[in-house]
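Shown here: structure-v4.cif, mmCIF, C-alpha atoms.
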```cif
data_coords
#
loop_
_atom_site.label_atom_id
_atom_site.label_comp_id
_atom_site.auth_asym_id
_atom_site.auth_seq_id
_atom_site.Cartn_x
_atom_site.Cartn_y
_atom_site.Cartn_z
CA MET A 17 0.00 0.00 0.00
CA ASN A 18 1.25 3.48 -0.92
CA GLU A 19 0.53 6.77 0.84
CA ILE A 20 0.93 10.34 -0.37
CA GLU A 21 0.42 13.72 1.29
CA ILE A 22 -0.59 16.49 -1.12
CA GLU A 23 -0.79 20.23 -0.52
CA LEU A 24 -2.69 22.46 -2.94
CA ARG A 25 -2.57 26.25 -3.19
CA GLY A 26 -4.71 28.56 -5.26
CA ARG A 27 -8.50 28.89 -5.56
CA VAL A 28 -9.23 25.67 -3.70
CA GLN A 29 -11.53 26.75 -0.84
CA GLY A 30 -15.14 27.84 -1.14
CA VAL A 31 -15.54 26.10 -4.54
CA ASN A 32 -16.60 22.62 -3.33
CA PHE A 33 -13.18 21.23 -4.18
CA ARG A 34 -13.10 18.83 -1.21
CA TYR A 35 -16.38 17.20 -2.21
CA MET A 36 -15.34 16.88 -5.85
CA CYS A 37 -12.14 15.29 -4.57
CA LYS A 38 -14.09 12.79 -2.46
CA ARG A 39 -16.19 11.70 -5.45
CA VAL A 40 -13.07 11.04 -7.52
CA VAL A 41 -11.21 9.32 -4.69
CA ASP A 42 -14.17 7.05 -3.89
CA LYS A 43 -14.33 5.96 -7.55
CA LEU A 44 -10.61 5.15 -7.45
CA GLY A 45 -11.00 3.15 -4.27
CA LEU A 46 -8.53 5.25 -2.28
CA LYS A 47 -8.71 5.95 1.45
CA GLY A 48 -7.65 8.91 3.61
CA TYR A 49 -8.92 12.45 4.10
CA VAL A 50 -9.03 16.01 2.75
CA LEU A 51 -9.16 19.19 4.81
CA ASN A 52 -9.05 22.94 4.40
CA ARG A 53 -6.16 24.67 6.16
CA GLU A 54 -6.61 28.00 7.90
CA GLU A 55 -4.21 29.88 5.60
CA GLY A 56 -6.21 28.89 2.50
CA SER A 57 -4.51 25.75 1.21
CA VAL A 58 -5.97 22.22 1.03
CA LYS A 59 -4.29 19.10 2.41
CA ILE A 60 -5.02 15.63 1.03
CA VAL A 61 -3.71 12.34 2.42
CA VAL A 62 -4.56 9.18 0.46
CA GLN A 63 -3.62 5.52 0.61
CA GLY A 64 -3.94 2.92 -2.13
CA LYS A 65 -2.36 1.63 -5.31
CA SER A 66 0.28 3.81 -6.92
CA LYS A 67 -1.48 3.90 -10.30
CA ASP A 68 -4.73 5.08 -8.69
CA ILE A 69 -2.94 7.80 -6.71
CA LYS A 70 -1.28 9.00 -9.93
CA MET A 71 -4.73 9.19 -11.55
CA LEU A 72 -5.82 11.44 -8.67
CA LEU A 73 -2.81 13.68 -9.28
CA SER A 74 -3.72 13.86 -12.97
CA TRP A 75 -7.27 14.86 -12.07
CA ILE A 76 -5.97 17.60 -9.76
CA GLY A 77 -3.88 18.88 -12.68
CA THR A 78 -7.03 19.58 -14.71
CA ASN A 79 -8.10 22.42 -12.36
CA PRO A 80 -11.49 20.75 -11.83
CA GLY A 81 -14.73 22.66 -11.44
CA PHE A 82 -14.20 26.25 -10.35
CA ALA A 83 -10.89 25.43 -8.68
CA ARG A 84 -7.62 26.89 -9.89
CA ILE A 85 -4.50 25.09 -8.73
CA ASP A 86 -1.55 27.48 -8.62
CA GLY A 87 0.79 25.25 -6.63
CA VAL A 88 1.06 21.54 -5.87
CA SER A 89 3.52 19.85 -3.55
CA TYR A 90 3.41 16.22 -2.49
CA ASN A 91 5.39 13.68 -0.54
CA TRP A 92 5.28 9.89 -0.80
CA GLN A 93 5.55 8.50 2.69
CA LYS A 94 5.33 5.30 4.72
CA PRO A 95 1.81 4.83 6.18
CA SER A 96 1.67 5.21 9.95
CA ILE A 97 -2.01 4.25 10.27
CA ARG A 98 -4.51 2.59 7.95
CA TYR A 99 -7.62 4.49 6.83
CA ASN A 100 -10.91 2.65 6.26
CA GLU A 101 -12.62 5.33 4.17
CA PHE A 102 -12.04 8.75 2.61
CA ARG A 103 -13.39 11.64 4.69
CA VAL A 104 -13.90 15.36 4.25
CA VAL A 105 -12.49 16.61 7.54
CA LYS A 106 -13.98 19.67 9.22
CA GLU A 107 -11.75 20.86 12.03
CA LYS A 108 -14.61 22.83 13.60
CA ASN A 109 -18.38 22.80 13.18
CA TYR A 110 -20.08 22.99 9.77
CA MET A 111 -20.97 26.70 9.92
CA LEU A 112 -17.47 27.78 10.96
CA ASP A 113 -15.90 25.51 8.34
CA LYS A 114 -18.15 26.93 5.61
CA ALA A 115 -17.56 30.51 6.72
CA ARG A 116 -13.79 30.05 6.73
CA SER A 117 -13.90 28.54 3.24
CA ILE A 118 -15.84 31.53 1.90
CA LEU A 119 -13.49 33.93 3.72
CA ASN A 120 -10.41 32.27 2.23
CA LEU A 121 -11.97 32.36 -1.24
CA GLY A 122 -12.60 36.09 -0.82
CA LYS A 123 -9.02 36.67 0.33
CA PHE A 124 -7.75 34.73 -2.69
CA LEU A 125 -9.86 36.79 -5.10
CA MET A 126 -8.75 40.06 -3.51
CA GLU A 127 -5.10 39.00 -3.68
CA GLY A 128 -5.60 38.11 -7.32
CA ARG A 129 -7.07 41.55 -8.01
CA ASN A 130 -4.08 43.25 -6.38
CA ARG A 131 -1.51 40.81 -7.70
CA GLN A 132 1.64 42.18 -9.28
CA ILE A 133 2.05 40.94 -12.85
CA PRO A 134 5.52 41.17 -14.45
CA LEU A 135 5.58 43.36 -17.54
CA HIS A 136 8.53 41.45 -19.01
CA ILE A 137 9.40 37.81 -18.33
CA SER A 138 12.71 36.42 -19.57
CA ILE A 139 13.25 32.65 -19.73
CA ILE A 140 16.50 30.68 -19.71
CA PRO A 141 15.27 27.32 -21.07
CA ASP A 142 17.77 24.90 -19.58
CA GLY A 143 17.80 21.11 -19.25
CA ASN A 144 16.88 20.00 -22.77
CA ARG A 145 19.79 17.59 -23.17
CA ARG A 146 19.44 16.20 -19.64
CA TRP A 147 15.72 15.64 -20.24
CA ALA A 148 16.54 13.64 -23.37
CA LYS A 149 19.36 11.70 -21.69
CA GLU A 150 17.12 10.62 -18.82
CA LYS A 151 14.69 9.25 -21.39
CA GLY A 152 17.41 7.44 -23.32
CA LEU A 153 17.19 9.84 -26.27
CA ILE A 154 19.81 11.83 -28.16
CA GLY A 155 20.32 15.42 -26.98
CA SER A 156 18.85 17.07 -30.06
CA LEU A 157 15.47 15.48 -29.35
CA GLY A 158 15.39 17.43 -26.10
CA HIS A 159 15.75 20.63 -28.11
CA TYR A 160 13.01 19.54 -30.51
CA LYS A 161 10.62 18.83 -27.64
CA ALA A 162 11.43 22.09 -25.83
CA GLY A 163 11.65 24.34 -28.88
CA ALA A 164 8.70 23.00 -30.84
CA TYR A 165 6.56 26.05 -31.53
CA ASP A 166 3.41 24.27 -30.37
CA ASN A 167 4.96 24.10 -26.89
CA LEU A 168 6.22 27.69 -26.92
CA GLU A 169 2.93 29.02 -28.25
CA LYS A 170 1.12 27.68 -25.17
CA LEU A 171 3.52 29.58 -22.90
CA PHE A 172 3.11 32.77 -24.93
CA ALA A 173 -0.69 32.44 -24.88
CA GLU A 174 -0.72 31.87 -21.11
CA ALA A 175 1.57 34.83 -20.46
CA LYS A 176 -0.57 37.08 -22.64
CA LYS A 177 -3.76 35.90 -20.91
CA ILE A 178 -2.30 36.69 -17.48
CA GLY A 179 -1.33 40.20 -18.57
CA VAL A 180 2.39 39.92 -19.36
CA LYS A 181 3.40 42.17 -22.25
CA TYR A 182 6.90 40.89 -23.13
CA VAL A 183 8.38 37.40 -23.09
CA SER A 184 12.02 36.96 -24.05
CA ILE A 185 13.51 33.50 -24.44
CA TRP A 186 17.16 32.53 -24.83
CA GLY A 187 17.42 30.29 -27.86
CA PHE A 188 21.19 30.18 -28.47
CA SER A 189 24.07 31.86 -26.63
CA THR A 190 27.39 33.15 -27.94
CA GLU A 191 29.00 30.25 -26.04
CA ASN A 192 26.77 27.62 -27.68
CA TRP A 193 28.96 27.69 -30.81
CA LYS A 194 31.26 25.33 -28.88
CA ARG A 195 28.70 22.55 -29.21
CA ASP A 196 28.70 19.80 -31.82
CA LYS A 197 27.87 21.09 -35.31
CA LYS A 198 25.03 18.60 -35.74
CA GLU A 199 23.38 19.87 -32.56
CA ILE A 200 23.84 23.50 -33.66
CA ASP A 201 22.33 22.75 -37.06
CA ALA A 202 19.40 21.00 -35.40
CA ILE A 203 18.73 24.03 -33.18
CA PHE A 204 18.82 26.47 -36.11
CA ASP A 205 16.62 24.17 -38.20
CA LEU A 206 14.09 24.02 -35.36
CA ILE A 207 14.12 27.82 -34.98
CA LEU A 208 13.60 28.27 -38.70
CA LYS A 209 10.55 26.00 -38.62
CA GLY A 210 9.29 27.86 -35.57
CA VAL A 211 9.62 31.19 -37.37
CA GLU A 212 7.39 29.89 -40.17
CA LYS A 213 4.67 28.93 -37.69
CA PHE A 214 5.12 32.08 -35.62
CA ARG A 215 4.55 34.22 -38.72
CA ILE A 216 1.01 32.83 -39.01
CA ASP A 217 0.36 33.19 -35.28
CA SER A 218 1.75 36.72 -35.12
CA VAL A 219 -0.68 37.99 -37.73
CA LYS A 220 -3.63 36.18 -36.17
CA ASN A 221 -2.92 37.37 -32.61
CA LYS A 222 -1.09 40.65 -33.32
CA ILE A 223 2.21 39.57 -31.74
CA ARG A 224 5.34 41.61 -32.28
CA PHE A 225 8.68 39.85 -32.80
CA LEU A 226 12.18 41.10 -31.95
CA HIS A 227 15.61 39.48 -32.20
CA MET A 228 18.34 40.18 -29.65
CA GLY A 229 21.90 39.13 -30.37
CA ARG A 230 24.49 39.11 -33.13
CA LYS A 231 23.32 39.04 -36.74
CA ASP A 232 26.59 38.39 -38.55
CA ARG A 233 27.13 34.73 -37.61
CA LEU A 234 23.65 33.33 -38.14
CA PRO A 235 22.87 31.24 -41.25
CA GLY A 236 21.84 33.56 -44.07
CA ARG A 237 18.31 32.28 -44.54
CA LEU A 238 17.56 32.39 -40.82
CA ARG A 239 18.98 35.90 -40.50
CA ASN A 240 16.78 37.11 -43.38
CA GLU A 241 13.66 35.43 -41.96
CA LEU A 242 14.18 37.07 -38.56
CA LYS A 243 14.68 40.48 -40.16
CA GLU A 244 11.53 40.10 -42.26
CA LEU A 245 9.51 38.95 -39.25
CA GLU A 246 10.61 41.99 -37.27
CA GLU A 247 9.55 44.26 -40.11
CA GLU A 248 6.19 42.52 -40.61
CA THR A 249 5.22 42.76 -36.93
CA LYS A 250 6.71 46.14 -36.00
CA ASN A 251 3.30 47.82 -35.63
CA TYR A 252 1.88 45.30 -33.16
CA ASN A 253 2.11 46.44 -29.53
CA ASP A 254 -0.23 44.27 -27.43
CA PHE A 255 2.29 41.47 -26.86
CA THR A 256 5.95 41.04 -27.84
CA VAL A 257 8.09 37.91 -28.15
CA VAL A 258 11.86 38.45 -28.03
CA LEU A 259 14.22 35.73 -29.26
CA CYS A 260 17.76 35.93 -27.87
CA LEU A 261 19.77 34.21 -30.58
CA ASP A 262 23.60 34.21 -30.72
CA TYR A 263 23.22 36.36 -27.63
CA GLY A 264 25.62 36.94 -24.74
CA GLY A 265 25.33 39.65 -22.13
CA ARG A 266 28.98 40.67 -22.19
CA ASP A 267 29.00 40.56 -25.98
CA GLU A 268 25.97 42.86 -26.05
CA ILE A 269 27.69 45.40 -23.77
CA ILE A 270 30.93 45.32 -25.79
CA ARG A 271 28.99 45.82 -29.02
CA ALA A 272 27.13 48.73 -27.44
CA VAL A 273 30.41 50.37 -26.35
CA ASN A 274 31.84 50.03 -29.87
CA LYS A 275 28.68 51.57 -31.35
CA ILE A 276 29.05 54.52 -28.98
CA ILE A 277 32.72 54.95 -29.97
CA ARG A 278 31.89 54.83 -33.68
CA LYS A 279 29.13 57.40 -33.16
CA GLY A 280 31.60 59.68 -31.40
CA VAL A 281 29.35 60.12 -28.35
CA LYS A 282 31.36 61.75 -25.57
CA ASP A 283 28.88 62.19 -22.70
CA VAL A 284 27.17 58.89 -21.82
CA ASP A 285 24.55 58.46 -19.10
CA GLU A 286 22.41 55.39 -18.34
CA LYS A 287 19.67 56.36 -20.76
CA THR A 288 22.15 56.97 -23.58
CA PHE A 289 23.96 53.70 -22.96
CA ALA A 290 20.69 51.72 -22.87
CA SER A 291 19.77 53.16 -26.27
CA PHE A 292 22.74 51.30 -27.82
CA LEU A 293 21.79 47.90 -26.38
CA ASP A 294 19.88 45.23 -28.29
CA SER A 295 17.01 45.75 -25.82
CA LYS A 296 16.58 49.44 -26.59
CA ASN A 297 12.97 48.90 -27.69
CA ILE A 298 11.77 46.88 -24.69
CA PRO A 299 11.55 47.36 -20.90
CA ASP A 300 14.01 45.64 -18.57
CA PRO A 301 12.98 42.16 -17.40
CA ASP A 302 10.95 42.04 -14.20
CA LEU A 303 11.18 38.27 -13.78
CA ILE A 304 13.91 35.90 -14.98
CA ILE A 305 13.02 32.21 -14.96
CA ARG A 306 15.67 29.49 -15.23
CA THR A 307 14.66 25.85 -15.54
CA SER A 308 16.48 22.58 -14.69
CA GLY A 309 17.76 23.42 -11.20
CA GLU A 310 20.71 25.65 -12.12
CA PHE A 311 21.12 28.75 -9.94
CA ARG A 312 22.69 31.31 -12.25
CA THR A 313 21.66 33.66 -15.05
CA SER A 314 24.72 32.93 -17.26
CA GLY A 315 24.98 36.50 -18.53
CA LEU A 316 21.39 37.06 -19.61
CA MET A 317 20.88 40.84 -19.90
CA PRO A 318 23.34 41.72 -17.08
CA TYR A 319 22.88 45.47 -17.55
CA GLN A 320 19.09 45.27 -17.76
CA SER A 321 18.44 42.76 -14.95
CA GLY A 322 19.81 44.68 -11.97
CA TYR A 323 16.42 44.67 -10.25
CA ALA A 324 14.88 41.60 -11.88
CA GLU A 325 13.35 38.97 -9.62
CA LEU A 326 14.94 35.54 -10.11
CA TYR A 327 12.97 32.28 -10.15
CA PHE A 328 14.68 28.89 -10.34
CA THR A 329 12.87 25.60 -10.83
CA ASP A 330 14.08 21.99 -11.01
CA VAL A 331 11.72 21.32 -13.93
CA TYR A 332 13.50 20.73 -17.24
CA PHE A 333 12.32 23.12 -19.93
CA PRO A 334 10.67 20.41 -22.10
CA ASP A 335 8.29 19.90 -19.14
CA PHE A 336 7.90 23.61 -18.30
CA ASP A 337 4.26 24.21 -19.21
CA GLU A 338 1.55 26.79 -18.55
CA LYS A 339 1.04 25.58 -14.99
CA GLU A 340 4.75 26.00 -14.21
CA LEU A 341 4.66 29.49 -15.69
CA ARG A 342 1.71 30.39 -13.45
CA LYS A 343 3.63 29.11 -10.42
CA ALA A 344 6.55 31.40 -11.28
CA ILE A 345 4.27 34.42 -11.69
CA GLU A 346 2.47 33.56 -8.45
CA GLU A 347 5.80 33.52 -6.63
CA TYR A 348 6.75 36.84 -8.25
CA SER A 349 3.46 38.40 -7.12
CA ARG A 350 4.25 37.60 -3.48
CA ARG A 351 7.55 39.49 -3.52
CA GLN A 352 8.04 43.15 -2.70
CA ARG A 353 10.16 45.15 -5.12
CA ARG A 354 11.60 48.32 -3.58
CA PHE A 355 14.22 49.24 -6.22
CA GLY A 356 16.56 50.47 -3.49
CA GLY A 357 13.84 52.37 -1.64
CA SER A 358 12.06 51.58 1.62
#
```
Before anything else, please render the file you have as structure tokens.
Amino acid sequence: MNEIEIELRGRVQGVNFRYMCKRVVDKLGLKGYVLNREEGSVKIVVQGKSKDIKMLLSWIGTNPGFARIDGVSYNWQKPSIRYNEFRVVKEKNYMLDKARSILNLGKFLMEGRNRQIPLHISIIPDGNRRWAKEKGLIGSLGHYKAGAYDNLEKLFAEAKKIGVKYVSIWGFSTENWKRDKKEIDAIFDLILKGVEKFRIDSVKNKIRFLHMGRKDRLPGRLRNELKELEEETKNYNDFTVVLCLDYGGRDEIIRAVNKIIRKGVKDVDEKTFASFLDSKNIPDPDLIIRTSGEFRTSGLMPYQSGYAELYFTDVYFPDFDEKELRKAIEEYSRRQRRFGGS
């Protein structure tokens, strides 16, 4: 017999989630209990077959009914007691339990109304090769899974729905030229195919496209396609996707300095310097997300990210979906940004 303890955060109280959960659990033949916690989360403990417990987790992932799951954590553990049924636990009497559920729902909705949404999210999509290796696949298949436009489009759509205005994603760094030529060719081929699909999507959904990084070393066809896409979408301003391709933060700064020298500019302040960066047409990132469990930004927009909030997740980018993006934004919304003030 297996046992798991699950904690859910989000809109999970005051929406009959516990009773929906009981109906599903009873059908699966699991035992245990579900209860509302005072701070607004829901705790579930279930015992049974592993495959049935995993089906419960899959059901939770669908955001059933009027629930909205913003965070899930769980722990497989050794059973200390054996449950004979699955119960909806009320820690106090029915009226107090119901009132607290409604109160927590109201608090959640008010927090959502006042929630801080990042204007610009920048993503370092790491872990593609490790994802493939763990599945016994060649590294390039990790890139194909992660960089397939169908996957990226879902992230863009979710970000736009939440209210984000800019999403930048690091597709290829200046250091990535050290990789095997076959892998590099596969990445550029994937990006080229993605550009073709993005062109259709950009017109349909009025999405602007920008490229950050060096132009001179990219394959000719890809370079031309990126330039044309920028030109075609330059008048869209509701939502912008930025592709960092052959990009390095130090390289960007050095190129900016050389542009300033060639222009003969003598008096340089922060605003002037920023106007020579690749990012001159977009705001600085508010939130930088790095996947795969690495705790560094690897030179992504070092000048622009001085006050960016950093979010690191163990999830490999091929598995980083809309729900993971919401978790990152939810974490961002709980932080206080003072920008050096009090």
Apply the PyMOL selection byres ((chain A and resi 314) around 12) to the file shown and report the selected residues as a PDB file with C-alpha atoms, in the coordinates of the input.
```
ATOM      1  CA  ILE A 139      13.250  32.650 -19.730  1.00  0.00           C
ATOM      2  CA  ILE A 140      16.500  30.680 -19.710  1.00  0.00           C
ATOM      3  CA  PRO A 141      15.270  27.320 -21.070  1.00  0.00           C
ATOM      4  CA  ASP A 142      17.770  24.900 -19.580  1.00  0.00           C
ATOM      5  CA  TRP A 186      17.160  32.530 -24.830  1.00  0.00           C
ATOM      6  CA  SER A 189      24.070  31.860 -26.630  1.00  0.00           C
ATOM      7  CA  THR A 190      27.390  33.150 -27.940  1.00  0.00           C
ATOM      8  CA  GLU A 191      29.000  30.250 -26.040  1.00  0.00           C
ATOM      9  CA  ASN A 192      26.770  27.620 -27.680  1.00  0.00           C
ATOM     10  CA  TYR A 263      23.220  36.360 -27.630  1.00  0.00           C
ATOM     11  CA  GLY A 264      25.620  36.940 -24.740  1.00  0.00           C
ATOM     12  CA  GLY A 265      25.330  39.650 -22.130  1.00  0.00           C
ATOM     13  CA  ARG A 266      28.980  40.670 -22.190  1.00  0.00           C
ATOM     14  CA  ILE A 304      13.910  35.900 -14.980  1.00  0.00           C
ATOM     15  CA  ILE A 305      13.020  32.210 -14.960  1.00  0.00           C
ATOM     16  CA  ARG A 306      15.670  29.490 -15.230  1.00  0.00           C
ATOM     17  CA  GLU A 310      20.710  25.650 -12.120  1.00  0.00           C
ATOM     18  CA  PHE A 311      21.120  28.750  -9.940  1.00  0.00           C
ATOM     19  CA  ARG A 312      22.690  31.310 -12.250  1.00  0.00           C
ATOM     20  CA  THR A 313      21.660  33.660 -15.050  1.00  0.00           C
ATOM     21  CA  GLY A 315      24.980  36.500 -18.530  1.00  0.00           C
ATOM     22  CA  LEU A 316      21.390  37.060 -19.610  1.00  0.00           C
ATOM     23  CA  MET A 317      20.880  40.840 -19.900  1.00  0.00           C
ATOM     24  CA  PRO A 318      23.340  41.720 -17.080  1.00  0.00           C
ATOM     25  CA  SER A 321      18.440  42.760 -14.950  1.00  0.00           C
TER      26      SER A 321
END
```
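Rounded to one decimal, CA of Asp302 (chain A) and CA of Ala324 (chain A) lie 4.6 Å from each other.
Proximity to Val258 (chain A) was assessed for A:Gly152, A:Gly48, A:Gly179, A:Pro299 counting only C-alpha atoms; the smallest distance is recorded for A:Pro299.
Taking all atoms listed in the file into account, Ile269 (chain A) lies nearest to A:Asp294 out of the set A:Glu286, A:Glu55, A:Asp232, A:Asp294.
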Result set, the PyMOL selection byres ((chain A and resi 49) around 10) on current file, as a VMD selection string: chain A and resid 21 34 37 to 38 41 46 to 48 50 to 51 59 to 63 99 101 to 105
What would region 161-175 of chain A look like with N, CA and C atoms restored, written as a compact mmCIF listing (two decimals), in the frame of the given file?
```txt
# COMPACT_ATOMS: atom_id res chain seq x y z
N LYS A 161 11.77 18.84 -28.54
CA LYS A 161 10.62 18.83 -27.64
C LYS A 161 10.42 20.21 -27.03
N ALA A 162 11.51 20.81 -26.53
CA ALA A 162 11.43 22.09 -25.83
C ALA A 162 11.13 23.24 -26.78
N GLY A 163 11.75 23.21 -27.97
CA GLY A 163 11.65 24.34 -28.88
C GLY A 163 10.56 24.22 -29.92
N ALA A 164 9.81 23.13 -29.89
CA ALA A 164 8.70 23.00 -30.84
C ALA A 164 7.73 24.17 -30.63
N TYR A 165 7.36 24.83 -31.69
CA TYR A 165 6.56 26.05 -31.53
C TYR A 165 5.22 25.78 -30.86
N ASP A 166 4.67 24.60 -31.03
CA ASP A 166 3.41 24.27 -30.37
C ASP A 166 3.55 24.38 -28.86
N ASN A 167 4.71 23.98 -28.33
CA ASN A 167 4.96 24.10 -26.89
C ASN A 167 5.15 25.56 -26.48
N LEU A 168 5.95 26.28 -27.25
CA LEU A 168 6.22 27.69 -26.92
C LEU A 168 4.95 28.53 -27.04
N GLU A 169 4.14 28.23 -28.03
CA GLU A 169 2.93 29.02 -28.25
C GLU A 169 2.01 28.97 -27.04
N LYS A 170 1.96 27.81 -26.36
CA LYS A 170 1.12 27.68 -25.17
C LYS A 170 1.62 28.59 -24.05
N LEU A 171 2.96 28.69 -23.91
CA LEU A 171 3.52 29.58 -22.90
C LEU A 171 3.22 31.04 -23.24
N PHE A 172 3.39 31.39 -24.52
CA PHE A 172 3.11 32.77 -24.93
C PHE A 172 1.64 33.12 -24.69
N ALA A 173 0.75 32.20 -25.04
CA ALA A 173 -0.69 32.44 -24.88
C ALA A 173 -1.05 32.61 -23.40
N GLU A 174 -0.44 31.78 -22.55
CA GLU A 174 -0.72 31.87 -21.11
C GLU A 174 -0.21 33.19 -20.55
N ALA A 175 1.00 33.57 -20.94
CA ALA A 175 1.57 34.83 -20.46
C ALA A 175 0.70 36.01 -20.89
```
